[in-house]
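Remarks on the structure that follows.
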Amino acid sequence: MIHCEGLVKIYKTEEIEVVALQGLNITVAKGEMMAIIGNSGSGKSTLLNILGGLDRPSAGQVQVGEWNLLKITDEELVRYKRETVGFIWQNNARNLVPYLTALENVEMPMMLSGKYDRPYAKQLLEWVGLKERVNNKLQQLSGGEQQRVAIAIALANRPSMLLADEPTGSVDTRTSDMIMDIFRRLNRELGVTIVIVTHDMTLVSKVDRVVAIRDGMTSTEFIKRNPNLDQSEAEAQAAAGKSTIHDVHEEYVVLDRAGRLQIPRTYLQALGIEGKASMEFDGEKIIIRPPKALG
Ligand SMILES: Nc1ncnc2c1ncn2[C@@H]1O[C@H](COP(=O)(O)OP(=O)(O)OP(=O)(O)O)[C@@H](O)[C@H]1O
Ligand SMILES: [Mg+2]
């Protein structure tokens, strides 16, 4: 579904240039539900905005389905945003119209694309647990309920991919669980590919794969250790342990095609490695150490 290789995004302002993505590689399979984590400023939103067609890449390759986002024309981009992708933000104010009802809000994108379908709009609201609130104005709904309307809106045009940037960032744990359950159901039943950016480590036990971004590059990947592990079992494990991704996921370092990998800065600092290191291959392992003192 998604394939990025050597993806670069440079923000140019009058005084400075910020390299937000510096050669990022990532592949997401059709029908996958995965999460992207990383420190503030590591480039998560930048990546999601590029995938969502809200921002243009500077260089590299980005392919989403049949679309090459580096070569796409402005007109095609409008269609892409309308038909291929659904977008959910932490705060969806810019997507919602407060004086319209939940139902009218979901129908809006349908009207814009000429595919008005009231029964489907109702069904979507039922899916996100708002059957009783379809005729309430948005301003009469709580933040968590509005966030669920936003999910229904994102799905209105039957996108094949859902991108969510900190979707549970401003809701309580109960609503956050509910949102993750909705995502899982949409993923299972509609086959929608879902990419979630999050800071919340408790969410990561609920996805198949987690990719960590560091300094604008994908550095580490965590794949669910036992895909057959029952959801409640996984949660119990996470709750019993330190509720980190390590309890349920296997960790991998990501290599690009040229064999480059990114070593966490904390590892390098712990060993006092700077600029270069000594590397040894013993037939089984690759060992990286501080350089041997000269002389
Ligand atoms: N429009 C912009 N103009 C200039 N610089 C930008 C712009 N948007 C993002 N940046 C810079 O790009 C880098 C990556 O930002 P990004 O928003 O992708 O980070 P993030 O991982 O989403 O962080 P957070 O977890 O805080 O949301 C940061 O250094 C940021 O300051
Ligand atoms: Mg962000």
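Ligands are numbered from 1 in the order shown, chains are lettered A, B, ... in the order of the structure tokens, and residues start at 1 in each chain.
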Give me the residues within 12 Å of A:Lys81 as a ChimeraX atom specification, counting only C-alpha atoms and dropping any in the same chain fewer than 3 places off. /A:49-55,64,67,69,72,74-78,84-87,109,112-113,154-155,157-163
Could you pull out the helix (DSSP H, G or I) residues of stretch 80-232 of chain A, going by DSSP on the backbone, and write them as an MDAnalysis selection string? chainID A and resid 80:83 93:95 102:112 118:127 131:133 138:140 143:155 173:190 204:206 231:232
Using only C-alpha atoms and all ligand atoms, which residues have at least one atom no more than 12 Å from ligand 1? Output them as number ranges by chain. A: 8-22, 36-50, 54-56, 89-90, 164-167, 169, 196-200, 212-218
Using DSSP on the backbone coordinates, identify the residues of stretch 117-286 of chain A assigned to strand (DSSP E or B); present them as a PyMOL selection string. chain A and resi 137+161-165+193-197+209-214+217-224+249-253+255+261+274+276+278-281+286
May I have the residues within 8 Å of A:Val210 as a VMD selection string, using only C-alpha atoms and disregarding those fewer than 2 positions away in the same chain? chain A and resid 34 to 37 204 207 to 208 212 221 to 223
Option closest in space to ligand 2, from A:Leu130, A:Gly114, A:Asn91, A:Arg174 [counting only C-alpha atoms and all ligand atoms]: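 Of all the options, A:Asn91 lies closest to ligand 2.
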So that I can see what lies close to A:Val134, please list as a ChimeraX atom specification the residues with an atom at most 12 Å from it, counting only C-alpha atoms and leaving out residues fewer than 6 positions away in the same chain. /A:100-107,118-119,121-128,140-141,145-146,148-149,152
Å distance separating atom CA of A:Arg209 from atom CA of A:Pro57, one decimal place: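 Going from atom CA of A:Arg209 over to atom CA of A:Pro57 covers 24.3 Å.
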Point-to-point distance from atom CA of A:Cys4 to atom CA of A:Gly23, Å rounded to tenths: 9.0 Å
For a test of reading the model, state the distance in Å between atom CA of A:Val97 and atom CA of A:Leu138, rounded to one decimal.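 Interatomic distance, atom CA of A:Val97 to atom CA of A:Leu138: 6.9 Å.
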